[in-house]
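Colleague: Next up, my_file-v6.cif (mmCIF, C-alpha atoms).
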data_work
loop_
_atom_site.label_atom_id
_atom_site.label_comp_id
_atom_site.auth_asym_id
_atom_site.auth_seq_id
_atom_site.Cartn_x
_atom_site.Cartn_y
_atom_site.Cartn_z
CA MET J 1 109.10 101.41 77.79
CA SER J 2 111.81 100.52 80.28
CA PRO J 3 111.14 97.68 82.77
CA GLY J 4 111.05 100.22 85.59
CA LEU J 5 108.43 102.32 83.81
CA VAL J 6 106.35 99.20 83.12
CA VAL J 7 106.27 98.38 86.85
CA TRP J 8 105.45 102.01 87.71
CA VAL J 9 102.52 102.06 85.25
CA LEU J 10 101.31 98.66 86.46
CA SER J 11 101.38 99.86 90.06
CA LEU J 12 99.25 102.91 89.26
CA LEU J 13 96.74 101.01 87.16
CA LEU J 14 96.40 98.04 89.50
CA GLY J 15 96.34 100.48 92.43
CA LEU J 16 93.08 101.96 91.14
CA GLN J 17 91.23 99.04 92.69
CA PRO J 18 92.43 99.27 96.31
CA ILE J 19 92.35 103.05 96.45
CA THR J 20 88.79 103.10 95.09
CA THR J 21 87.57 100.46 97.53
CA ASP J 22 89.75 101.13 100.60
CA LEU J 23 90.19 104.88 100.88
CA TYR J 24 86.53 105.65 101.57
CA LEU J 25 85.97 102.74 103.98
CA PRO J 26 86.77 104.74 107.16
CA ALA J 27 84.13 107.26 106.03
CA LEU J 28 81.50 104.65 105.16
CA PRO J 29 79.67 104.67 108.53
CA THR J 30 79.52 108.49 108.38
CA ILE J 31 78.30 108.42 104.77
CA THR J 32 75.60 105.94 105.80
CA GLN J 33 74.41 108.27 108.57
CA VAL J 34 74.64 111.59 106.71
CA LEU J 35 72.88 110.36 103.55
CA GLY J 36 70.25 108.45 105.52
CA ALA J 37 71.16 105.07 104.05
CA ASN J 38 70.63 101.63 105.55
CA LEU J 39 73.31 98.94 105.72
CA PRO J 40 72.38 97.15 102.45
CA GLN J 41 72.47 100.52 100.62
CA ALA J 42 75.83 101.33 102.17
CA GLN J 43 77.19 97.96 101.02
CA LEU J 44 75.82 98.70 97.54
CA THR J 45 78.20 101.67 97.19
CA LEU J 46 80.96 99.05 97.19
CA SER J 47 79.39 95.94 95.67
CA ALA J 48 77.68 97.83 92.80
CA LEU J 49 80.99 99.50 91.99
CA LEU J 50 82.65 96.09 91.75
CA LEU J 51 79.87 94.62 89.62
CA ALA J 52 80.24 97.52 87.17
CA PHE J 53 84.00 96.99 87.33
CA GLY J 54 83.57 93.36 86.31
CA LEU J 55 80.99 93.93 83.58
CA SER J 56 82.91 96.81 82.02
CA GLN J 57 85.94 94.62 81.46
CA LEU J 58 83.93 92.52 78.99
CA VAL J 59 83.71 95.70 76.89
CA TRP J 60 87.14 97.20 77.56
CA GLY J 61 88.95 93.93 76.78
CA PRO J 62 87.79 93.52 73.15
CA LEU J 63 88.11 97.28 72.62
CA SER J 64 91.74 97.12 73.69
CA ASP J 65 92.39 94.14 71.38
CA ARG J 66 90.86 96.12 68.51
CA PHE J 67 92.19 99.66 69.04
CA GLY J 68 95.15 99.14 71.38
CA ARG J 69 95.81 99.52 75.10
CA ARG J 70 96.63 103.24 75.11
CA PRO J 71 93.30 104.61 73.72
CA VAL J 72 91.33 102.48 76.19
CA LEU J 73 93.44 103.73 79.08
CA LEU J 74 93.01 107.38 78.13
CA ALA J 75 89.23 107.03 77.83
CA GLY J 76 88.90 105.02 81.02
CA MET J 77 91.05 107.30 83.16
CA GLY J 78 89.23 110.40 81.92
CA LEU J 79 85.88 108.88 82.89
CA TYR J 80 87.30 107.84 86.26
CA VAL J 81 88.30 111.41 87.14
CA LEU J 82 84.87 112.78 86.20
CA ALA J 83 83.00 110.09 88.15
CA SER J 84 85.22 110.65 91.20
CA VAL J 85 84.49 114.37 91.26
CA GLY J 86 80.78 113.64 90.89
CA SER J 87 80.73 111.13 93.76
CA ALA J 88 82.30 113.69 96.09
CA LEU J 89 79.43 116.07 95.29
CA ALA J 90 76.60 113.52 95.71
CA THR J 91 73.64 114.65 97.81
CA SER J 92 71.84 111.30 98.19
CA VAL J 93 72.82 107.67 98.50
CA VAL J 94 71.18 106.91 95.14
CA GLN J 95 73.36 109.52 93.42
CA LEU J 96 76.42 108.13 95.15
CA ILE J 97 75.62 104.57 94.05
CA VAL J 98 75.12 105.66 90.42
CA LEU J 99 78.38 107.62 90.35
CA ARG J 100 80.24 104.75 92.02
CA VAL J 101 78.93 102.48 89.26
CA LEU J 102 80.44 104.83 86.65
CA GLN J 103 83.64 104.92 88.67
CA GLY J 104 83.78 101.12 88.72
CA ALA J 105 83.22 100.92 84.96
CA ALA J 106 86.08 103.36 84.37
CA MET J 107 88.32 101.49 86.81
CA GLY J 108 87.84 98.38 84.68
CA ALA J 109 89.78 99.96 81.83
CA GLY J 110 92.88 100.46 83.97
CA VAL J 111 93.00 97.13 85.79
CA MET J 112 92.08 95.01 82.76
CA THR J 113 94.65 96.74 80.58
CA ALA J 114 97.36 96.26 83.20
CA ARG J 115 96.90 92.48 83.10
CA ALA J 116 96.86 92.49 79.30
CA VAL J 117 100.04 94.61 79.13
CA VAL J 118 101.91 92.00 81.17
CA ARG J 119 100.92 89.32 78.64
CA ASP J 120 101.82 91.64 75.73
CA LEU J 121 105.37 92.04 76.99
CA TYR J 122 106.28 88.85 78.90
CA ALA J 123 106.02 85.08 78.73
CA PRO J 124 103.81 83.56 81.48
CA GLY J 125 106.63 82.52 83.85
CA GLU J 126 108.27 85.94 83.77
CA GLY J 127 104.84 87.56 83.72
CA ALA J 128 104.03 86.20 87.20
CA ARG J 129 107.18 87.82 88.60
CA VAL J 130 106.49 91.15 86.87
CA MET J 131 102.88 91.03 88.04
CA SER J 132 104.07 90.47 91.60
CA LYS J 133 106.18 93.65 91.33
CA GLY J 134 103.14 95.61 90.12
CA LEU J 135 101.08 94.14 92.93
CA THR J 136 103.75 95.21 95.41
CA GLY J 137 103.07 98.74 94.21
CA LEU J 138 99.37 98.05 94.64
CA GLY J 139 100.13 96.99 98.20
CA VAL J 140 101.92 100.27 98.90
CA ILE J 141 98.91 102.20 97.58
CA ALA J 142 96.60 100.03 99.69
CA CYS J 143 98.80 100.74 102.72
CA LEU J 144 98.26 104.46 102.31
CA SER J 145 94.60 104.34 101.26
CA ALA J 146 92.86 103.50 104.53
CA PRO J 147 95.05 105.71 106.82
CA VAL J 148 94.77 108.66 104.44
CA GLY J 149 91.04 108.04 104.11
CA GLY J 150 90.68 107.90 107.87
CA LEU J 151 92.54 111.19 108.35
CA LEU J 152 90.60 112.93 105.57
CA ALA J 153 87.27 111.68 106.89
CA GLN J 154 88.10 112.64 110.48
CA TYR J 155 89.45 116.14 109.82
CA LEU J 156 88.04 117.25 106.44
CA GLY J 157 84.88 115.15 106.08
CA TRP J 158 83.79 112.24 103.92
CA ARG J 159 83.59 114.31 100.73
CA ALA J 160 87.33 115.01 100.94
CA ALA J 161 87.97 111.25 101.10
CA LEU J 162 85.99 110.72 97.89
CA LEU J 163 87.60 113.72 96.18
CA ALA J 164 91.05 112.24 96.84
CA LEU J 165 90.16 109.52 94.30
CA ALA J 166 89.88 112.18 91.59
CA VAL J 167 93.40 113.37 92.43
CA PHE J 168 94.81 109.85 92.10
CA GLY J 169 92.91 109.32 88.85
CA ALA J 170 94.32 112.55 87.44
CA LEU J 171 97.84 111.37 88.32
CA ALA J 172 97.29 108.04 86.54
CA LEU J 173 95.82 109.82 83.51
CA THR J 174 98.83 112.14 83.31
CA VAL J 175 101.34 109.26 83.45
CA VAL J 176 99.47 107.34 80.76
CA ALA J 177 99.19 110.39 78.50
CA LEU J 178 102.85 111.37 78.81
CA ARG J 179 104.78 108.12 79.28
CA PHE J 180 102.76 105.05 78.30
CA GLU J 181 103.67 103.49 74.94
CA GLU J 182 101.43 101.08 73.08
CA THR J 183 102.27 97.45 73.93
CA LEU J 184 99.90 95.60 71.58
CA ALA J 185 102.02 94.39 68.66
CA ARG J 186 99.10 93.58 66.33
CA ARG J 187 95.65 95.09 66.64
CA ASN J 188 92.89 92.65 65.77
CA PRO J 189 90.43 94.20 63.28
CA HIS J 190 87.88 91.45 64.03
CA ALA J 191 87.92 91.75 67.83
CA LEU J 192 84.53 93.50 68.07
CA ASP J 193 82.68 91.24 65.66
CA PRO J 194 80.00 89.50 67.78
CA THR J 195 80.54 86.07 66.22
CA THR J 196 84.29 86.38 66.60
CA LEU J 197 83.97 87.57 70.18
CA LEU J 198 81.67 84.72 71.19
CA ARG J 199 83.97 82.19 69.54
CA THR J 200 86.97 83.64 71.34
CA TRP J 201 85.26 83.59 74.73
CA GLY J 202 84.20 80.03 74.02
CA GLN J 203 87.82 79.01 73.42
CA ILE J 204 88.89 80.76 76.61
CA VAL J 205 86.27 79.18 78.88
CA ARG J 206 87.05 75.72 77.52
CA HIS J 207 90.68 76.00 78.59
CA PRO J 208 91.26 74.28 81.96
CA THR J 209 94.30 76.40 82.79
CA PHE J 210 92.16 79.53 82.55
CA TRP J 211 89.70 78.11 85.07
CA ALA J 212 92.36 76.84 87.46
CA TYR J 213 94.02 80.24 87.82
CA THR J 214 90.84 82.31 87.53
CA LEU J 215 89.23 80.36 90.38
CA LEU J 216 92.39 80.79 92.44
CA ALA J 217 92.36 84.57 91.94
CA THR J 218 88.57 84.75 92.39
CA THR J 219 88.38 82.83 95.67
CA SER J 220 91.37 84.75 97.04
CA TYR J 221 89.78 88.09 96.14
CA ALA J 222 86.45 86.95 97.59
CA GLY J 223 88.21 86.45 100.93
CA LEU J 224 89.80 89.90 100.74
CA PHE J 225 86.50 91.49 99.72
CA THR J 226 84.76 89.86 102.68
CA PHE J 227 87.21 91.68 104.93
CA LEU J 228 86.94 94.98 103.04
CA ALA J 229 83.14 95.03 103.01
CA ALA J 230 82.64 94.03 106.66
CA SER J 231 85.70 95.33 108.50
CA ALA J 232 84.60 98.98 108.85
CA PHE J 233 81.37 97.96 110.59
CA VAL J 234 83.00 95.22 112.68
CA PHE J 235 86.11 97.10 113.80
CA MET J 236 84.45 100.47 114.43
CA GLY J 237 80.88 99.45 115.19
CA VAL J 238 81.44 96.24 117.18
CA LEU J 239 85.00 96.49 118.49
CA GLY J 240 85.06 100.26 119.04
CA LEU J 241 88.04 101.43 116.95
CA SER J 242 88.24 105.08 115.88
CA GLN J 243 88.46 106.04 112.20
CA SER J 244 92.21 106.72 112.43
CA ALA J 245 92.87 103.48 114.37
CA TYR J 246 90.91 101.54 111.76
CA GLY J 247 93.02 103.14 109.05
CA LEU J 248 96.19 101.97 110.81
CA ALA J 249 94.76 98.45 111.06
CA MET J 250 94.19 98.48 107.31
CA LEU J 251 97.74 99.73 106.78
CA SER J 252 99.16 96.81 108.73
CA MET J 253 97.04 94.42 106.65
CA SER J 254 98.50 95.90 103.45
CA LEU J 255 102.05 95.51 104.78
CA ALA J 256 101.38 91.79 105.20
CA TYR J 257 100.19 91.68 101.59
CA ILE J 258 103.34 93.42 100.36
CA ALA J 259 105.42 90.86 102.26
CA GLY J 260 103.46 88.15 100.43
CA THR J 261 104.37 89.58 97.02
CA PHE J 262 108.06 89.56 97.99
CA VAL J 263 107.73 85.95 99.17
CA CYS J 264 106.09 85.13 95.83
CA ARG J 265 109.04 86.49 93.85
CA ARG J 266 111.51 84.56 96.00
CA LEU J 267 109.68 81.25 95.76
CA LEU J 268 108.77 81.23 92.06
CA PRO J 269 112.28 80.70 90.63
CA ARG J 270 112.97 77.89 93.11
CA TRP J 271 109.63 76.11 93.44
CA GLY J 272 107.66 77.03 90.32
CA VAL J 273 104.11 78.32 90.20
CA ARG J 274 102.21 75.22 91.31
CA ARG J 275 104.32 74.41 94.37
CA THR J 276 104.46 78.07 95.39
CA VAL J 277 100.67 78.33 95.24
CA ALA J 278 100.25 75.08 97.19
CA LEU J 279 102.58 76.30 99.94
CA ALA J 280 100.77 79.64 100.21
CA ALA J 281 97.46 77.80 100.57
CA VAL J 282 98.72 76.25 103.81
CA ALA J 283 99.04 79.75 105.28
CA THR J 284 95.62 80.73 103.93
CA LEU J 285 93.78 77.76 105.40
CA THR J 286 95.57 78.11 108.75
CA ALA J 287 94.55 81.77 108.95
CA GLY J 288 90.89 81.21 108.10
CA THR J 289 90.53 78.28 110.47
CA ALA J 290 92.16 80.11 113.39
CA MET J 291 89.97 83.16 112.89
CA GLY J 292 86.79 81.12 112.54
CA VAL J 293 87.42 78.91 115.57
CA MET J 294 88.24 81.83 117.88
CA ALA J 295 85.06 83.65 116.84
CA LEU J 296 82.95 80.55 117.50
CA LEU J 297 84.53 80.33 120.95
CA GLY J 298 83.31 83.86 121.67
CA VAL J 299 86.62 85.72 121.29
CA GLN J 300 85.68 89.18 119.93
CA ARG J 301 88.94 91.12 119.90
CA VAL J 302 90.81 93.08 117.26
CA ALA J 303 93.92 90.89 117.58
CA ALA J 304 91.87 87.69 117.18
CA ILE J 305 90.90 88.88 113.70
CA LEU J 306 93.94 90.88 112.57
CA VAL J 307 96.73 88.47 113.51
CA PRO J 308 95.30 85.51 111.53
CA PHE J 309 94.37 87.87 108.72
CA TYR J 310 98.02 88.89 108.35
CA LEU J 311 98.73 85.26 107.47
CA PHE J 312 95.79 85.27 105.03
CA MET J 313 97.20 88.35 103.30
CA LEU J 314 100.62 86.74 103.07
CA GLY J 315 99.01 83.97 101.03
CA HIS J 316 96.98 86.51 99.06
CA GLY J 317 100.23 88.14 97.96
CA VAL J 318 101.13 84.85 96.28
CA HIS J 319 97.75 83.79 94.91
CA GLN J 320 96.89 87.04 93.14
CA PRO J 321 99.98 87.49 90.90
CA CYS J 322 100.04 83.78 90.07
CA GLY J 323 96.29 83.65 89.47
CA GLN J 324 95.99 86.82 87.40
CA SER J 325 98.99 86.14 85.16
CA GLY J 326 98.22 82.42 84.86
CA ALA J 327 94.64 83.00 83.69
CA VAL J 328 95.83 85.16 80.78
CA GLY J 329 98.97 83.14 80.02
CA PRO J 330 97.56 80.70 77.42
CA PHE J 331 96.13 83.52 75.26
CA PRO J 332 98.82 85.83 73.88
CA GLN J 333 96.63 86.70 70.87
CA ALA J 334 93.57 87.47 73.05
CA ALA J 335 95.07 88.80 76.27
CA GLY J 336 92.49 91.59 76.52
CA ALA J 337 89.52 89.23 76.20
CA ALA J 338 91.01 86.69 78.64
CA SER J 339 91.88 89.39 81.17
CA ALA J 340 88.38 90.85 80.86
CA LEU J 341 86.63 87.53 81.35
CA SER J 342 88.78 86.65 84.36
CA GLY J 343 88.18 90.06 85.93
CA PHE J 344 84.44 89.84 85.25
CA LEU J 345 84.15 86.52 87.08
CA MET J 346 86.09 87.91 90.06
CA MET J 347 83.78 90.89 90.40
CA VAL J 348 80.57 88.89 89.97
CA MET J 349 81.72 86.82 92.92
CA ALA J 350 82.49 89.99 94.90
CA PHE J 351 79.03 91.37 94.14
CA GLY J 352 77.43 88.20 95.49
CA VAL J 353 79.60 88.34 98.61
CA GLY J 354 78.65 91.99 99.16
CA GLY J 355 74.94 91.19 98.98
CA TRP J 356 75.29 88.36 101.49
CA LEU J 357 77.36 90.50 103.86
CA GLY J 358 74.86 93.37 103.78
CA GLN J 359 72.09 91.04 104.95
CA SER J 360 74.30 89.23 107.49
CA LEU J 361 75.61 92.44 109.08
CA ALA J 362 72.08 93.81 109.36
CA ALA J 363 70.90 90.57 111.00
CA GLN J 364 73.90 90.37 113.41
CA PRO J 365 74.95 93.99 114.03
CA ALA J 366 76.86 93.23 117.24
CA SER J 367 78.74 90.13 116.05
CA VAL J 368 82.03 89.45 114.26
CA LEU J 369 80.71 86.18 112.82
CA PRO J 370 79.71 87.51 109.35
CA LEU J 371 83.34 88.53 108.86
CA THR J 372 85.09 85.54 110.41
CA SER J 373 82.77 82.87 109.03
CA GLY J 374 83.05 84.32 105.53
CA LEU J 375 86.84 84.34 105.66
CA TRP J 376 86.92 80.78 106.96
CA PHE J 377 84.73 79.62 104.07
CA TRP J 378 86.89 81.33 101.45
CA SER J 379 90.14 80.04 102.96
CA VAL J 380 88.83 76.49 102.47
CA ALA J 381 87.85 77.30 98.86
CA ILE J 382 91.27 78.82 98.13
CA ALA J 383 93.15 75.83 99.52
CA ALA J 384 90.93 73.38 97.64
CA THR J 385 91.56 75.21 94.35
CA ALA J 386 95.32 75.52 94.94
CA TRP J 387 95.74 71.84 95.87
CA THR J 388 93.56 70.36 93.12
CA LEU J 389 92.85 72.42 89.99
CA VAL J 390 96.10 74.37 89.96
CA GLN J 391 98.16 71.22 90.54
CA ARG J 392 96.42 69.43 87.68
CA TYR J 393 95.95 72.18 85.11
CA GLY J 394 98.29 75.00 86.13
CA GLU J 395 101.05 74.86 83.55
CA GLU J 396 104.46 76.02 84.74
CA HIS J 397 105.92 77.25 81.47
CA LEU J 398 103.19 77.75 78.94
CA PRO J 399 104.34 77.52 75.32
CA SER J 400 103.20 80.20 72.93
CA PRO J 401 100.26 78.56 71.19
CA ALA J 402 99.16 79.12 67.62
CA PRO J 403 96.98 82.21 67.25
CA LEU J 404 93.36 81.69 68.25
CA ARG J 405 91.10 81.19 65.25
CA ALA J 406 89.06 84.18 66.35
CA PHE J 407 92.13 86.43 66.53
CA PRO J 408 94.18 86.19 63.32
CA PRO J 409 97.09 88.59 62.90
CA GLU J 410 96.18 91.99 61.55
CA GLY J 411 95.77 91.71 57.83
CA GLY J 412 95.34 87.92 58.02
CA HIS J 413 92.28 85.78 57.51
CA ALA J 414 90.07 84.11 60.11
CA SER J 415 89.56 81.23 57.68
CA ASP J 416 93.29 80.47 57.66
CA PRO J 417 94.45 80.39 61.31
CA ALA J 418 97.36 78.12 60.48
CA LYS J 419 98.96 80.69 58.22
CA PRO J 420 102.38 81.45 59.78
CA LEU J 421 103.00 84.84 61.29
CA PRO J 422 105.39 87.10 59.40
CA ARG J 423 108.89 87.26 60.83
CA ARG J 424 109.40 90.24 63.10
CA VAL J 425 112.33 92.57 62.38
CA LEU J 426 114.55 92.95 65.41
CA ALA J 427 114.54 96.38 66.95
CA ALA J 428 117.72 98.33 67.52
CA GLY J 429 119.68 96.79 70.38
CA GLU J 430 117.56 93.60 70.38
CA ARG J 431 119.17 90.19 69.97
CA VAL J 432 117.93 86.71 69.27
CA PRO J 433 117.49 84.93 72.65
CA ALA J 434 119.69 81.97 73.42
CA ALA J 435 118.19 78.50 73.74
CA GLY J 436 116.10 78.27 76.90
CA GLU J 437 116.21 82.02 77.51
CA THR J 438 112.93 83.86 78.04
CA PRO J 439 112.45 86.41 75.21
CA ARG J 440 112.20 89.97 76.43
CA PRO J 441 110.94 93.04 74.60
CA PRO J 442 113.46 95.74 73.73
CA ALA J 443 113.71 98.53 76.31
#
Render the structure in this file as structure tokens.
Modeller:
Amino acid sequence: MSPGLVVWVLSLLLGLQPITTDLYLPALPTITQVLGANLPQAQLTLSALLLAFGLSQLVWGPLSDRFGRRPVLLAGMGLYVLASVGSALATSVVQLIVLRVLQGAAMGAGVMTARAVVRDLYAPGEGARVMSKGLTGLGVIACLSAPVGGLLAQYLGWRAALLALAVFGALALTVVALRFEETLARRNPHALDPTTLLRTWGQIVRHPTFWAYTLLATTSYAGLFTFLAASAFVFMGVLGLSQSAYGLAMLSMSLAYIAGTFVCRRLLPRWGVRRTVALAAVATLTAGTAMGVMALLGVQRVAAILVPFYLFMLGHGVHQPCGQSGAVGPFPQAAGAASALSGFLMMVMAFGVGGWLGQSLAAQPASVLPLTSGLWFWSVAIAATAWTLVQRYGEEHLPSPAPLRAFPPEGGHASDPAKPLPRRVLAAGERVPAAGETPRPPA
């Protein structure tokens, strides 16, 4: 695949997450009313989806290491389309929650595989820059999701907003079926063996670099999820925005995120991963503190939340590409498993945040404090992770380690992990990289 096609595929696959979570948010208060749901049940349509998203990656990851990235993508995208159509036809909140769970499980195939594909094709340093390009595409999709969802919900009803997800899923499925080429060089025949899988996960969770970057991505996403889960009720229910105005507010938030991904790509070559992350954490902590202090002083205005949150999203545009690529970087022979475990931990955190927000919003229905206090807390956690763990364990240019014992090359033996890999024959048009040059796959 050409580099441009890789970025295009990454954008679609990574974009599954924001479009699935953001597009229906303007319709969420209406869904809650029409289906007779309470606030905790309404939150469950989002938090349960994300829990299924996280858990499913623990299955999709080893499957993709065993059978390849393409079969997993085709199966996952097919299930996503079916679940999306079903959710648009739901007649009760219980049905909607169940179908959103299936949707989240299917979404896991796309997002997990996208992270693994980056590690299949690029070294960690280059991978962070490529991931930032894919996440720029995600930002564009996020920009359109809430405004489109608001317009659909306002003029065509909430079912049209949910049906739009099926259309996007069908587009992603078509691109994968027609253009995506397998990126996994060696399938691992032992990837699904329970003993092998447990041993592999054990090696991953003992690696400090994995934890440094996973916690960075997890705390940053927890802050974003706090905003996503609470903003519809705060902006429309407390501050009085219309559905379309709320959609525009979400669009402006996504533009700030896109700007952050561009900043990330500019800073990485000059400052490196660790210094770039540390600098972004200054913006994150400033944003959370400003938002939290103004809310405690009784300032309940849209600008008092949105303006600091733009700064938060600028930092988020740096922390996510660095965190997601860095967590998978040390494991070229187990990129699927590492990506799955990292994604699982992120979504478990989001599920916990969703449960807390549901209770907090129900207890304080006329206050912005559940939103602002949550974002303040996560901004402190992000900065602490960026300034400590990432600085100590976040490797700038990770060498390609020997294959993990649990993942020998196809046709090799788990009992002989030190056995050298066979030399790869250069493809047509490929050359041996010069000293110090980052190897790139052939176009």
Colleague: Run the PyMOL selection byres ((chain J and resi 181-197) around 6) against the file shown and list the residues it catches, as a PyMOL selection string.
Modeller: chain J and resi 62+65-66+68+70+180+198-200+406+410
Colleague: Give me a file of those residues, with C-alpha atoms, as a short mmCIF file (atom, residue, chain, number, x, y, z; two decimals), keeping the file's coordinate frame.
Modeller:
data_model
loop_
_atom_site.label_atom_id
_atom_site.label_comp_id
_atom_site.auth_asym_id
_atom_site.auth_seq_id
_atom_site.Cartn_x
_atom_site.Cartn_y
_atom_site.Cartn_z
CA PRO J 62 87.79 93.52 73.15
CA ASP J 65 92.39 94.14 71.38
CA ARG J 66 90.86 96.12 68.51
CA GLY J 68 95.15 99.14 71.38
CA ARG J 70 96.63 103.24 75.11
CA PHE J 180 102.76 105.05 78.30
CA LEU J 198 81.67 84.72 71.19
CA ARG J 199 83.97 82.19 69.54
CA THR J 200 86.97 83.64 71.34
CA ALA J 406 89.06 84.18 66.35
CA GLU J 410 96.18 91.99 61.55
#
Colleague: If we count all atoms listed in the file, what is near segment 130-134 of chain J at a cut-off of 6 Å, once residues fewer than 6 positions away on the same chain are taken out, given as a list of chain:residue names?
Modeller: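 Here the answer would be J:Val7, J:Leu10, J:Ser11, J:Thr261, J:Pro321.
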Colleague: Can you give me, as a VMD selection string, the residues this file yields under the PyMOL selection byres ((chain J and resi 233) around 10)?
Modeller: chain J and resid 25 to 26 28 to 29 39 228 to 232 234 to 241 361 365 to 368 371
Colleague: With the PyMOL selection byres ((chain J and resi 82) around 10) as the selection, what would be picked from this file? Answer as a ChimeraX atom specification, please.
Modeller: /J:77-81,83-87,99,102-103,106,166,169-170
Colleague: Suppose we keep C-alpha atoms; can you now write the selection as a PDB file, keeping the file's coordinate frame?
Modeller:
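Output below, filename part_5.pdb:
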ATOM      1  CA  MET J  77      91.050 107.300  83.160  1.00  0.00           C
ATOM      2  CA  GLY J  78      89.230 110.400  81.920  1.00  0.00           C
ATOM      3  CA  LEU J  79      85.880 108.880  82.890  1.00  0.00           C
ATOM      4  CA  TYR J  80      87.300 107.840  86.260  1.00  0.00           C
ATOM      5  CA  VAL J  81      88.300 111.410  87.140  1.00  0.00           C
ATOM      6  CA  ALA J  83      83.000 110.090  88.150  1.00  0.00           C
ATOM      7  CA  SER J  84      85.220 110.650  91.200  1.00  0.00           C
ATOM      8  CA  VAL J  85      84.490 114.370  91.260  1.00  0.00           C
ATOM      9  CA  GLY J  86      80.780 113.640  90.890  1.00  0.00           C
ATOM     10  CA  SER J  87      80.730 111.130  93.760  1.00  0.00           C
ATOM     11  CA  LEU J  99      78.380 107.620  90.350  1.00  0.00           C
ATOM     12  CA  LEU J 102      80.440 104.830  86.650  1.00  0.00           C
ATOM     13  CA  GLN J 103      83.640 104.920  88.670  1.00  0.00           C
ATOM     14  CA  ALA J 106      86.080 103.360  84.370  1.00  0.00           C
ATOM     15  CA  ALA J 166      89.880 112.180  91.590  1.00  0.00           C
ATOM     16  CA  GLY J 169      92.910 109.320  88.850  1.00  0.00           C
ATOM     17  CA  ALA J 170      94.320 112.550  87.440  1.00  0.00           C
TER      18      ALA J 170
END
Colleague: In terms of the shortest atom-to-atom distance over only C-alpha atoms, which of J:Ser342, J:Gln391, J:Thr21, J:Gln154 is closest to Ala48 of chain J?
Modeller: J:Thr21
Colleague: Separation of atom CA of Gly336 of chain J and atom CA of Gly110 of chain J, in Å?
Modeller: 11.6 Å
Colleague: Taking all atoms of segment 153-164 of chain J that appear in the file, build a box with edges along x, y and z, extend it by 3 Å on every side, and state its centre and edge lengths in Å to one decimal, as AutoDock Vina command-line options.
Modeller:
--center_x 87.3 --center_y 114.0 --center_z 103.3 --size_x 13.5 --size_y 12.5 --size_z 20.3
Colleague: Calculate how many Å separate atom CA of Pro208 of chain J from atom CA of Arg119 of chain J, rounding to one decimal.
Modeller: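 So the two atoms, atom CA of Pro208 of chain J and atom CA of Arg119 of chain J, lie 18.2 Å apart.
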Colleague: Give me, as a count of residues only, all polymer residues having an atom no more than 10 Å from Cys322 of chain J, counting only C-alpha atoms and skipping those fewer than 3 positions away in the same chain.
Modeller: 25
Colleague: One decimal, in Å: what's the spacing between atom CA of Trp201 of chain J and atom CA of Thr45 of chain J?
Modeller: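 Spanning atom CA of Trp201 of chain J to atom CA of Thr45 of chain J is a straight-line distance of 29.7 Å.
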Colleague: Find the spatial neighbours of Val111 of chain J, counting only C-alpha atoms, within a cut-off of 7 Å - ignore same-chain residues fewer than 4 positions away - and output them as a list in words.
Modeller: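 Here the qualifying residues turn out to be Leu13, Leu14, Met107 and Arg115 of chain J.
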Colleague: Hey, which of J:Leu144, J:Ile258, J:Leu96, J:Ala338 ends up closest to His207 of chain J? Count only C-alpha atoms.
Modeller: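 Checking each candidate against His207 of chain J, we get J:Ala338 as the closest.
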Colleague: Just checking: using only C-alpha atoms, which residue out of J:Gly288, J:Gly157, J:Pro71, J:Gly108 ends up closest to Leu224 of chain J?
Modeller: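 Residue with the minimum atom-to-atom distance to Leu224 of chain J: J:Gly288.
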Colleague: Which one is closest to Leu248 of chain J: J:Cys143, J:Leu121, J:Leu389, J:Ala337? Count only C-alpha atoms.
Modeller: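 Going through J:Cys143, J:Leu121, J:Leu389, J:Ala337 one by one, the smallest distance to Leu248 of chain J is for J:Cys143.
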Colleague: Restricting the calculation to all atoms listed in the file, which member of J:Gly358, J:Pro370, J:Gly343, J:Gly329 is positioned closest to Val59 of chain J?
Modeller: J:Gly343
